[in-house]
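Below is the file structure06.txt, which contains compact mmCIF, C-alpha atoms and all ligand atoms.
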```txt
# COMPACT_ATOMS: atom_id res chain seq x y z
CA MET G 1 169.74 -86.71 110.28
CA GLU G 2 171.54 -89.95 109.38
CA ASN G 3 174.39 -89.44 106.92
CA THR G 4 176.80 -92.33 107.17
CA LEU G 5 177.56 -94.84 104.47
CA PHE G 6 179.51 -98.00 105.16
CA GLY G 7 180.37 -96.48 108.54
CA ILE G 8 181.91 -93.33 107.04
CA GLU G 9 180.25 -90.01 107.73
CA ASN G 10 179.37 -87.94 104.62
CA LEU G 11 180.90 -90.57 102.32
CA ASP G 12 178.42 -89.69 99.58
CA VAL G 13 179.59 -86.05 99.60
CA TYR G 14 183.23 -87.13 99.32
CA VAL G 15 182.49 -89.54 96.49
CA VAL G 16 180.49 -86.95 94.52
CA MET G 17 183.32 -84.44 95.03
CA GLY G 18 185.75 -87.14 93.94
CA ILE G 19 183.73 -87.75 90.74
CA LEU G 20 183.82 -84.02 89.98
CA ILE G 21 187.57 -83.84 90.60
CA VAL G 22 188.28 -86.91 88.45
CA PHE G 23 186.20 -85.59 85.55
CA GLY G 24 187.74 -82.13 85.99
CA LEU G 25 191.28 -83.53 85.93
CA LEU G 26 190.56 -85.73 82.92
CA GLU G 27 189.12 -82.75 81.03
CA VAL G 28 192.24 -80.73 81.89
CA ILE G 29 194.65 -83.54 80.95
CA SER G 30 192.87 -84.21 77.65
CA GLY G 31 193.24 -80.51 76.77
CA GLN G 32 189.48 -79.89 76.59
CA LEU G 33 189.61 -77.13 79.13
CA LYS G 34 192.43 -75.39 77.27
CA ARG G 35 190.40 -75.41 74.08
CA SER G 36 187.36 -74.04 75.90
CA ASN G 37 185.90 -70.73 74.71
CA ARG G 38 183.95 -70.19 77.90
CA THR G 39 183.81 -66.60 79.06
CA ALA G 40 184.29 -65.44 82.66
CA SER G 41 180.52 -65.03 82.81
CA ASP G 42 180.06 -68.70 81.84
CA TRP G 43 182.49 -69.85 84.52
CA ILE G 44 180.89 -67.73 87.24
CA GLN G 45 177.46 -69.03 86.28
CA GLU G 46 178.48 -72.69 86.19
CA VAL G 47 180.80 -72.92 89.18
CA GLY G 48 178.71 -70.48 91.24
CA SER G 49 175.50 -72.36 90.51
CA MET G 50 177.11 -75.65 91.54
CA LEU G 51 178.33 -74.21 94.82
CA VAL G 52 175.05 -72.50 95.71
CA LEU G 53 173.15 -75.69 94.84
CA SER G 54 175.38 -77.85 97.05
CA VAL G 55 175.85 -75.62 100.07
CA MET G 56 172.58 -73.67 100.12
CA ILE G 57 169.69 -74.93 98.01
CA LYS G 58 169.88 -78.67 98.72
CA PRO G 59 170.46 -78.29 102.49
CA LEU G 60 167.70 -75.66 102.62
CA ILE G 61 165.19 -77.97 100.93
CA VAL G 62 166.15 -80.92 103.15
CA PHE G 63 165.81 -78.68 106.21
CA ALA G 64 162.40 -77.45 105.01
CA VAL G 65 161.18 -81.04 104.49
CA PHE G 66 162.37 -82.05 107.96
CA THR G 67 160.75 -79.02 109.57
CA ILE G 68 157.42 -79.61 107.84
CA GLY G 69 157.67 -83.40 108.26
CA THR G 70 158.43 -83.41 111.98
CA SER G 71 155.69 -80.90 112.78
CA LEU G 72 152.99 -82.58 110.70
CA TRP G 73 153.88 -86.24 110.34
CA SER G 74 156.40 -87.03 113.09
CA GLU G 75 155.16 -90.64 113.33
CA THR G 76 155.97 -91.26 109.63
CA GLY G 77 159.64 -90.31 110.05
CA LEU G 78 162.14 -93.16 109.69
CA MET G 79 159.53 -95.61 108.36
CA LEU G 80 162.06 -96.77 105.75
CA SER G 81 165.00 -97.25 108.09
CA GLY G 82 165.99 -100.87 108.44
CA ARG G 83 164.49 -101.76 105.04
CA SER G 84 166.71 -103.53 102.54
CA LEU G 85 168.74 -101.34 100.21
CA TRP G 86 167.68 -103.68 97.39
CA LEU G 87 164.19 -102.25 97.85
CA THR G 88 164.83 -98.66 98.87
CA LEU G 89 167.57 -97.86 96.33
CA PRO G 90 165.61 -98.76 93.16
CA PHE G 91 162.47 -97.21 94.64
CA TYR G 92 164.31 -93.96 95.42
CA LEU G 93 166.10 -93.82 92.05
CA LEU G 94 163.12 -94.62 89.84
CA ILE G 95 160.82 -92.07 91.49
CA ASP G 96 163.63 -89.51 91.53
CA ASP G 97 164.42 -89.93 87.87
CA VAL G 98 160.85 -89.99 86.58
CA LEU G 99 160.20 -86.78 88.55
CA GLN G 100 163.26 -85.19 86.99
CA TYR G 101 162.29 -86.40 83.52
CA TRP G 102 158.92 -84.67 83.72
CA TYR G 103 160.33 -81.56 85.37
CA HIS G 104 163.02 -81.29 82.70
CA ARG G 105 160.51 -81.92 79.90
CA SER G 106 158.13 -79.34 81.38
CA ALA G 107 161.03 -76.88 81.46
CA HIS G 108 161.17 -77.23 77.67
CA GLU G 109 157.41 -77.08 77.19
CA TYR G 110 156.26 -74.29 79.52
CA GLU G 111 157.41 -70.72 79.12
CA PHE G 112 158.18 -69.78 82.72
CA LEU G 113 160.14 -72.95 83.48
CA TRP G 114 161.97 -72.61 80.17
CA LYS G 115 163.27 -69.20 81.25
CA LEU G 116 164.76 -70.87 84.33
CA HIS G 117 166.27 -73.73 82.34
CA ARG G 118 167.51 -71.92 79.22
CA PRO G 119 170.89 -70.94 80.77
CA HIS G 120 171.65 -74.68 80.63
CA HIS G 121 171.11 -74.63 76.86
CA GLN G 122 172.88 -71.35 76.23
CA ALA G 123 176.18 -73.15 76.74
CA GLU G 124 177.83 -73.55 73.34
CA GLU G 125 180.14 -76.29 74.50
CA MET G 126 179.75 -79.27 76.77
CA GLY G 127 181.69 -79.95 79.95
CA PHE G 128 180.76 -81.45 83.28
CA PHE G 129 180.12 -78.01 84.85
CA ILE G 130 177.23 -77.48 82.42
CA SER G 131 175.25 -79.97 84.54
CA TYR G 132 174.73 -77.23 87.11
CA ARG G 133 173.99 -74.30 84.82
CA ASN G 134 170.40 -73.28 85.58
CA ALA G 135 168.65 -70.39 87.33
CA ALA G 136 168.56 -70.69 91.12
CA LEU G 137 164.76 -70.91 91.11
CA TYR G 138 164.94 -73.90 88.75
CA TYR G 139 166.64 -75.85 91.53
CA LEU G 140 164.40 -74.54 94.29
CA LEU G 141 161.36 -75.86 92.40
CA MET G 142 163.02 -79.11 91.32
CA PRO G 143 160.71 -81.90 92.59
CA ASN G 144 163.42 -84.51 92.92
CA ILE G 145 165.43 -82.39 95.37
CA TRP G 146 162.27 -82.31 97.51
CA TRP G 147 162.06 -86.06 96.98
CA VAL G 148 165.63 -86.39 98.32
CA GLY G 149 164.56 -84.52 101.49
CA THR G 150 161.42 -86.63 101.82
CA PHE G 151 163.27 -89.91 101.37
CA VAL G 152 165.91 -88.95 103.93
CA PHE G 153 163.12 -87.89 106.33
CA LEU G 154 161.53 -91.31 105.88
CA GLY G 155 164.79 -92.97 106.87
CA GLY G 156 166.07 -93.83 103.40
CA GLY G 157 169.29 -91.81 103.77
CA LYS G 158 171.55 -94.67 102.67
CA ALA G 159 169.60 -95.22 99.46
CA VAL G 160 169.76 -91.49 98.76
CA ALA G 161 173.52 -91.38 99.37
CA ILE G 162 174.24 -94.31 97.03
CA GLY G 163 171.64 -93.10 94.53
CA LEU G 164 173.18 -89.64 94.37
CA ILE G 165 176.61 -91.09 93.66
CA LEU G 166 175.31 -93.28 90.81
CA LYS G 167 173.23 -90.46 89.41
CA GLN G 168 176.03 -87.91 89.51
CA LEU G 169 178.32 -90.37 87.77
CA ILE G 170 175.90 -90.72 84.87
CA ILE G 171 174.85 -87.06 84.66
CA ILE G 172 178.36 -85.66 84.87
CA GLY G 173 179.55 -88.34 82.44
CA SER G 174 176.83 -87.42 79.93
CA HIS G 175 177.78 -83.73 80.01
CA SER G 176 181.53 -84.20 80.04
CA THR G 177 183.66 -83.61 76.97
CA LEU G 178 185.27 -86.99 77.59
CA LYS G 179 182.47 -88.86 75.74
CA TRP G 180 183.25 -92.17 77.46
CA ASP G 181 180.90 -94.06 75.14
CA ALA G 182 182.55 -92.99 71.84
CA PRO G 183 185.46 -95.50 71.82
CA LEU G 184 183.12 -98.30 72.92
CA TYR G 185 180.82 -97.81 69.89
CA LYS G 186 183.80 -98.55 67.66
CA ILE G 187 184.30 -102.05 69.10
CA LYS G 188 181.97 -104.28 67.13
CA ALA G 189 181.91 -107.01 69.77
CA LEU G 190 180.51 -104.51 72.27
CA ASN G 191 177.62 -103.48 70.07
CA PRO G 192 174.95 -105.58 71.89
CA VAL G 193 176.24 -104.34 75.26
CA MET G 194 176.17 -100.71 74.14
CA THR G 195 172.71 -101.12 72.62
CA PHE G 196 171.47 -102.53 75.92
CA LEU G 197 173.26 -99.85 77.95
CA GLU G 198 171.94 -96.90 75.95
CA ARG G 199 168.40 -98.30 76.32
CA ILE G 200 168.82 -98.11 80.10
CA ILE G 201 171.06 -95.18 81.00
CA VAL G 202 171.70 -91.78 79.48
CA THR G 203 174.94 -91.91 77.49
CA PRO G 204 176.92 -88.85 76.36
CA ALA G 205 175.74 -89.37 72.73
CA PHE G 206 172.11 -89.50 73.89
CA HIS G 207 172.46 -86.34 75.96
CA TYR G 208 174.63 -84.37 73.52
CA ALA G 209 171.79 -84.74 71.00
CA HIS G 210 169.57 -82.88 73.44
CA HIS G 211 172.09 -80.01 73.57
CA GLY G 212 172.47 -79.75 69.78
CA LYS G 213 171.30 -76.46 68.31
CA SER G 214 168.92 -77.84 65.72
CA LYS G 215 167.62 -81.01 64.12
CA LYS G 216 169.11 -79.92 60.80
CA ASP G 217 172.31 -81.86 61.52
CA SER G 218 170.22 -85.09 61.65
CA ILE G 219 171.83 -85.86 65.03
CA SER G 220 170.31 -83.38 67.45
CA ASP G 221 166.85 -83.09 68.88
CA PRO G 222 166.63 -80.26 71.41
CA ASN G 223 162.98 -81.28 71.92
CA GLY G 224 163.80 -84.86 72.85
CA ASN G 225 166.04 -86.94 75.13
CA PHE G 226 164.94 -85.35 78.39
CA GLY G 227 166.18 -88.21 80.58
CA ASN G 228 168.79 -87.60 83.26
CA MET G 229 169.95 -90.94 84.61
CA PHE G 230 167.76 -93.43 82.76
CA SER G 231 166.80 -93.26 79.09
CA ILE G 232 163.80 -95.51 79.77
CA TRP G 233 161.44 -92.57 80.39
CA ASP G 234 162.15 -91.09 76.97
CA GLN G 235 161.29 -94.47 75.46
CA PHE G 236 158.08 -94.80 77.53
CA PHE G 237 156.93 -91.27 76.83
CA GLY G 238 157.96 -91.05 73.17
CA SER G 239 160.80 -88.53 73.30
CA ALA G 240 163.81 -90.81 72.71
CA VAL G 241 166.15 -90.24 69.78
CA PHE G 242 169.05 -92.69 69.71
CA THR G 243 172.25 -91.66 68.02
CA ARG G 244 175.90 -92.54 68.24
CA LYS G 245 177.11 -89.28 66.76
CA TYR G 246 177.74 -85.99 68.54
CA PRO G 247 176.48 -82.63 67.34
CA THR G 248 179.14 -79.96 66.97
CA ASP G 249 176.80 -76.98 66.90
CA LEU G 250 175.55 -76.59 70.47
CA GLY G 251 173.51 -73.93 72.23
CA LEU G 252 170.51 -71.86 71.20
CA GLU G 253 169.68 -70.21 67.91
CA ASN G 254 169.45 -66.41 67.97
CA ASP G 255 170.61 -66.23 71.54
CA PRO G 256 170.95 -62.69 72.90
CA LYS G 257 173.53 -63.40 75.60
CA GLU G 258 172.53 -62.05 78.98
CA HIS G 259 174.62 -61.09 81.95
CA TRP G 260 174.93 -64.09 84.28
CA THR G 261 173.18 -62.23 87.12
CA ALA G 262 169.94 -62.00 85.12
CA ALA G 263 170.22 -65.58 83.83
CA TYR G 264 170.85 -66.95 87.31
CA LEU G 265 168.51 -64.76 89.34
CA TYR G 266 165.53 -64.54 86.98
CA PRO G 267 162.74 -63.53 87.78
CA ILE G 268 164.18 -61.39 90.63
CA LEU G 269 166.50 -59.80 88.07
CA ALA G 270 165.70 -59.47 84.38
CA SER G 271 167.73 -58.71 81.30
CA ASP G 272 167.82 -55.11 80.07
CA ASN G 273 168.08 -56.35 76.48
CA PRO G 274 164.52 -56.04 75.06
CA ASN G 275 165.27 -58.95 72.67
CA SER G 276 165.94 -61.30 75.54
CA GLU G 277 163.25 -63.75 76.63
CA ILE G 278 164.07 -62.85 80.21
CA SER G 279 163.56 -59.11 79.81
CA ARG G 280 160.53 -57.61 81.57
CA GLY G 281 157.36 -57.70 79.50
CA TYR G 282 158.91 -59.81 76.72
CA LYS G 283 156.26 -61.54 74.68
CA LYS G 284 156.66 -63.77 71.67
CA LYS G 285 154.48 -62.40 68.90
CA ASN G 286 152.31 -64.39 66.57
CA THR G 287 153.86 -64.29 63.09
CA ILE G 288 151.26 -66.41 61.30
CA THR G 289 149.86 -64.99 58.06
CA MET G 290 146.78 -66.18 56.21
CA SER G 291 148.70 -66.65 52.98
CA PRO G 292 151.47 -69.04 51.93
CA GLN G 293 155.06 -67.91 51.61
CA MET G 294 157.05 -68.43 48.42
CA VAL G 295 160.62 -69.54 49.12
CA ASP G 296 163.50 -70.84 47.02
CA LEU G 297 164.61 -74.29 48.09
CA LYS G 298 167.75 -76.15 47.13
CA GLN G 299 167.61 -79.86 46.33
CA GLY G 300 169.08 -82.04 49.09
CA GLU G 301 169.21 -79.18 51.60
CA LYS G 302 167.50 -79.61 54.96
CA TYR G 303 165.09 -77.03 56.36
CA LEU G 304 163.14 -76.60 59.58
CA TRP G 305 159.58 -75.46 58.98
CA CYS G 306 158.08 -73.48 61.87
CA GLN G 307 154.97 -75.07 63.38
CA CYS G 308 154.58 -72.82 66.41
CA GLY G 309 153.69 -69.66 64.50
CA LYS G 310 156.09 -67.46 66.48
CA SER G 311 159.25 -67.49 64.35
CA LYS G 312 160.60 -64.13 63.23
CA ASN G 313 161.93 -65.90 60.16
CA GLN G 314 158.73 -67.43 58.75
CA PRO G 315 158.11 -69.91 57.31
CA PHE G 316 161.30 -71.31 58.87
CA CYS G 317 162.05 -72.02 62.52
CA ASP G 318 164.26 -69.59 64.43
CA GLY G 319 164.07 -71.34 67.81
CA SER G 320 161.13 -69.27 69.11
CA HIS G 321 159.21 -72.48 69.87
CA HIS G 322 161.36 -73.12 72.97
CA GLY G 323 159.17 -72.99 76.06
CA SER G 324 156.19 -74.49 74.26
CA LYS G 325 155.01 -77.95 73.21
CA HIS G 326 155.57 -77.12 69.54
CA LYS G 327 158.57 -78.21 67.58
CA PRO G 328 159.68 -77.58 64.01
CA LEU G 329 159.29 -80.02 61.14
CA LEU G 330 162.50 -81.15 59.47
CA PHE G 331 162.29 -81.69 55.72
CA GLU G 332 164.67 -82.13 52.84
CA ALA G 333 163.99 -80.33 49.55
CA LYS G 334 163.33 -82.82 46.76
CA ARG G 335 164.10 -80.30 44.02
CA THR G 336 165.64 -76.89 43.51
CA GLY G 337 163.23 -74.05 42.85
CA PRO G 338 160.38 -72.03 44.33
CA ALA G 339 158.00 -73.67 46.80
CA ARG G 340 154.78 -72.53 48.47
CA LEU G 341 155.24 -73.11 52.17
CA CYS G 342 152.36 -72.91 54.61
CA ASN G 343 152.35 -69.93 56.94
CA CYS G 344 148.91 -70.29 58.52
CA LYS G 345 150.09 -73.56 60.13
CA LEU G 346 146.74 -75.20 59.32
CA THR G 347 148.01 -77.30 56.43
CA LYS G 348 147.67 -81.05 56.53
CA ALA G 349 150.54 -81.33 54.01
CA GLY G 350 153.24 -79.53 56.02
CA PRO G 351 155.46 -77.85 55.16
CA PHE G 352 153.59 -77.14 51.95
CA CYS G 353 150.47 -75.02 51.60
CA ASP G 354 147.29 -77.06 50.91
CA ASP G 355 145.09 -73.95 50.81
CA ALA G 356 143.78 -74.65 54.33
CA HIS G 357 144.05 -70.88 54.96
CA LEU G 358 141.15 -70.37 52.54
CA GLY G 359 138.80 -72.64 54.50
S1 LIG G 401 160.13 -71.13 65.72
FE1 LIG G 401 160.60 -73.23 65.80
S2 LIG G 401 158.69 -74.18 65.40
FE2 LIG G 401 158.23 -72.07 65.30
```
Could you render the structure as structure tokens?
Ligand code: FES
Amino acid sequence: MENTLFGIENLDVYVVMGILIVFGLLEVISGQLKRSNRTASDWIQEVGSMLVLSVMIKPLIVFAVFTIGTSLWSETGLMLSGRSLWLTLPFYLLIDDVLQYWYHRSAHEYEFLWKLHRPHHQAEEMGFFISYRNAALYYLLMPNIWWVGTFVFLGGGKAVAIGLILKQLIIIGSHSTLKWDAPLYKIKALNPVMTFLERIIVTPAFHYAHHGKSKKDSISDPNGNFGNMFSIWDQFFGSAVFTRKYPTDLGLENDPKEHWTAAYLYPILASDNPNSEISRGYKKKNTITMSPQMVDLKQGEKYLWCQCGKSKNQPFCDGSHHGSKHKPLLFEAKRTGPARLCNCKLTKAGPFCDDAHLG
């Protein structure tokens, strides 16, 4: 298995480790780590997941691809070797990133995958280690890791090595507390450059919005910005929300914290908290009623109206829509006083009742 870059064996591994060390040191020097409220459980989950991913899951998948590839398609192996990097690198990166976009988006829209990905969103603060905070099975099923194995099998090892370095730089940068883009937004002369850049790659501001707890802050959209390296997929597939602000309230609403073993090893292990989504037999109940709900609204205040019909706090969203294609509707109250909000979710005038429940 070829793994040399510019004549140096395992250079990609060293560079990725170097990126991690540099970001780690910068977070320490800037005092971010000192201010961190992460618990021991958070650290075990994040550092442990990164190590298992690097030394077990990725090599295992590459080994599996090589074993299957050489026994079934031995003549296809190395078909990319000798091809120009100008061709193989963009080809590798674009396929890799579009696969990850759809996998990540599916992890927000389908219940089982969401349970594997939600540890990533349980983190209430950012930091480069968050990049690796997912259940083990999430990584085993990740299509772009299988793509890495396939591309290396086809002889595109160099493109993979360079691609991984570029990708890690952007992904770790977008999770880091350093927010490298923030000072650049303040320089007026750089505005066109930054506008161009954020339309191509995922910036910290773009990705922080994805980690925000709720849309109520008018910055976050936990149901958007699914891109990893490139923001182009979010623009193509209608999930992009551009912002240059950073949410301060991160994590999940109504999050019953689980022990890291259950979060990391789900579904082999499950939570013993019956309120946890990853407890055995947990099912989100339908909370729709065939009558509107009277609520008191305050002028100028923002509310999230539940559209999924599963919230335990109807007619408002409580985050129960995660793991489905539904998302809440953000609205601002125009006046103070009682309002009739729809709770059958059939209204055409959401969030207000239009008597569709009578039809
Ligand atoms: S709980 Fe958020 S849309 Fe229903």
Taking all atoms listed in the file into account, which residues have an atom no farther than 12 Å from ligand LIG 401 (chain G)? I'd like them as a PDB file with C-alpha atoms, in the frame of the given file.
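Wrote result-v6.pdb, looks like this:
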```
ATOM      1  CA  LYS G 213     171.300 -76.460  68.310  1.00  0.00           C
ATOM      2  CA  SER G 214     168.920 -77.840  65.720  1.00  0.00           C
ATOM      3  CA  LYS G 215     167.620 -81.010  64.120  1.00  0.00           C
ATOM      4  CA  LYS G 216     169.110 -79.920  60.800  1.00  0.00           C
ATOM      5  CA  PRO G 222     166.630 -80.260  71.410  1.00  0.00           C
ATOM      6  CA  ASN G 223     162.980 -81.280  71.920  1.00  0.00           C
ATOM      7  CA  LEU G 252     170.510 -71.860  71.200  1.00  0.00           C
ATOM      8  CA  GLU G 253     169.680 -70.210  67.910  1.00  0.00           C
ATOM      9  CA  ASN G 254     169.450 -66.410  67.970  1.00  0.00           C
ATOM     10  CA  LYS G 284     156.660 -63.770  71.670  1.00  0.00           C
ATOM     11  CA  LYS G 285     154.480 -62.400  68.900  1.00  0.00           C
ATOM     12  CA  ASN G 286     152.310 -64.390  66.570  1.00  0.00           C
ATOM     13  CA  THR G 287     153.860 -64.290  63.090  1.00  0.00           C
ATOM     14  CA  ILE G 288     151.260 -66.410  61.300  1.00  0.00           C
ATOM     15  CA  TYR G 303     165.090 -77.030  56.360  1.00  0.00           C
ATOM     16  CA  LEU G 304     163.140 -76.600  59.580  1.00  0.00           C
ATOM     17  CA  TRP G 305     159.580 -75.460  58.980  1.00  0.00           C
ATOM     18  CA  CYS G 306     158.080 -73.480  61.870  1.00  0.00           C
ATOM     19  CA  GLN G 307     154.970 -75.070  63.380  1.00  0.00           C
ATOM     20  CA  CYS G 308     154.580 -72.820  66.410  1.00  0.00           C
ATOM     21  CA  GLY G 309     153.690 -69.660  64.500  1.00  0.00           C
ATOM     22  CA  LYS G 310     156.090 -67.460  66.480  1.00  0.00           C
ATOM     23  CA  SER G 311     159.250 -67.490  64.350  1.00  0.00           C
ATOM     24  CA  LYS G 312     160.600 -64.130  63.230  1.00  0.00           C
ATOM     25  CA  ASN G 313     161.930 -65.900  60.160  1.00  0.00           C
ATOM     26  CA  GLN G 314     158.730 -67.430  58.750  1.00  0.00           C
ATOM     27  CA  PRO G 315     158.110 -69.910  57.310  1.00  0.00           C
ATOM     28  CA  PHE G 316     161.300 -71.310  58.870  1.00  0.00           C
ATOM     29  CA  CYS G 317     162.050 -72.020  62.520  1.00  0.00           C
ATOM     30  CA  ASP G 318     164.260 -69.590  64.430  1.00  0.00           C
ATOM     31  CA  GLY G 319     164.070 -71.340  67.810  1.00  0.00           C
ATOM     32  CA  SER G 320     161.130 -69.270  69.110  1.00  0.00           C
ATOM     33  CA  HIS G 321     159.210 -72.480  69.870  1.00  0.00           C
ATOM     34  CA  HIS G 322     161.360 -73.120  72.970  1.00  0.00           C
ATOM     35  CA  GLY G 323     159.170 -72.990  76.060  1.00  0.00           C
ATOM     36  CA  SER G 324     156.190 -74.490  74.260  1.00  0.00           C
ATOM     37  CA  LYS G 325     155.010 -77.950  73.210  1.00  0.00           C
ATOM     38  CA  HIS G 326     155.570 -77.120  69.540  1.00  0.00           C
ATOM     39  CA  LYS G 327     158.570 -78.210  67.580  1.00  0.00           C
ATOM     40  CA  PRO G 328     159.680 -77.580  64.010  1.00  0.00           C
ATOM     41  CA  LEU G 329     159.290 -80.020  61.140  1.00  0.00           C
ATOM     42  CA  LEU G 330     162.500 -81.150  59.470  1.00  0.00           C
ATOM     43  CA  ASN G 343     152.350 -69.930  56.940  1.00  0.00           C
ATOM     44  CA  CYS G 344     148.910 -70.290  58.520  1.00  0.00           C
ATOM     45  CA  LYS G 345     150.090 -73.560  60.130  1.00  0.00           C
ATOM     46  CA  PRO G 351     155.460 -77.850  55.160  1.00  0.00           C
TER      47      PRO G 351
END
```
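Using all atoms listed in the file, the nearest neighbour of Ser74 (chain G) within the list G:Ala182, G:Leu154, G:Leu169, G:Leu197 is G:Leu154.
Our summary of the geometry notes that CA of Trp114 (chain G) is positioned 27.2 Å from CA of Ile165 (chain G).
Surrounding residues of (169.7, -103.0, 97.1) at most 12 Å away are G:Arg83, G:Ser84, G:Leu85, G:Trp86, G:Leu87, G:Thr88, G:Leu89, G:Pro90, G:Phe91, G:Tyr92, G:Leu93, G:Gly156, G:Lys158, G:Ala159, G:Val160, G:Ile162, G:Gly163 (based on all atoms listed in the file).
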Could you check which residues have any atom within 9 Å of (173.7, -67.2, 78.1), counting only C-alpha atoms with coordinates taken straight from the file, and then list them as a PyMOL selection string?
chain G and resi 41-42+118-124+251-252+255-260+263
Quick one: residues within 10 Å of Thr248 (chain G), only C-alpha atoms, excluding same-chain residues fewer than 6 positions away - as a ChimeraX atom specification?
/G:124-126,208-209,211-213,217,219-220
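Atom pair CA of Gln235 (chain G) / CA of Met142 (chain G): separated by 22.1 Å.
Among the candidates G:Thr39, G:Ser174, G:Ser271, G:Asn191, the residue lying nearest to Tyr246 (chain G) is G:Ser174 (atoms considered: all atoms listed in the file).
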Contacts of region 127-139 of chain G at 7 Å or less, counting all atoms listed in the file, minus same-chain residues fewer than 6 places along, as a ChimeraX atom specification?
/G:45-47,49-50,116-117,119-120,172,175-177,263-266
Between G:Ser239, G:Met294, G:Thr261, G:Thr203, which one has atoms that come closest to Ile44 (chain G), using all atoms listed in the file?
G:Thr261
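Counting from CA of Phe151 (chain G), the distance to CA of Phe236 (chain G) is 24.9 Å.
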Just need the box for region 86-105 of chain G, edges along x, y and z, holding every atom the file lists for it with 4 Å tacked onto each side, so centre and edge lengths in Å to one decimal, as lines of an AutoDock Vina configuration file.
```
center_x = 163.3
center_y = -92.5
center_z = 89.4
size_x = 16.8
size_y = 30.4
size_z = 27.0
```
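Checking G:Val22, G:Val65, G:Ala356, G:Val15 one by one against Phe153 (chain G), counting all atoms listed in the file, you find the shortest gap at G:Val65.
With distances taken over all atoms listed in the file, G:Ile201 is the one residue among G:Ala107, G:Ile57, G:Leu341, G:Ile201 lying closest to Lys167 (chain G).
Among G:Ser218, G:Asn225, G:Gln168, G:Thr67, the residue with the shortest atom-to-atom distance to Pro247 (chain G), counting all atoms listed in the file, is G:Ser218.
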Quick one: residues within 12 Å of Lys283 (chain G), only C-alpha atoms counted, chain neighbours fewer than 5 positions away excluded, as a PDB file with C-alpha atoms, in the frame of the given file?
```pdb
ATOM      1  CA  GLU G 111     157.410 -70.720  79.120  1.00  0.00           C
ATOM      2  CA  PHE G 112     158.180 -69.780  82.720  1.00  0.00           C
ATOM      3  CA  PRO G 274     164.520 -56.040  75.060  1.00  0.00           C
ATOM      4  CA  ASN G 275     165.270 -58.950  72.670  1.00  0.00           C
ATOM      5  CA  SER G 276     165.940 -61.300  75.540  1.00  0.00           C
ATOM      6  CA  GLU G 277     163.250 -63.750  76.630  1.00  0.00           C
ATOM      7  CA  ILE G 278     164.070 -62.850  80.210  1.00  0.00           C
ATOM      8  CA  LYS G 310     156.090 -67.460  66.480  1.00  0.00           C
ATOM      9  CA  SER G 320     161.130 -69.270  69.110  1.00  0.00           C
ATOM     10  CA  GLY G 323     159.170 -72.990  76.060  1.00  0.00           C
TER      11      GLY G 323
END
```
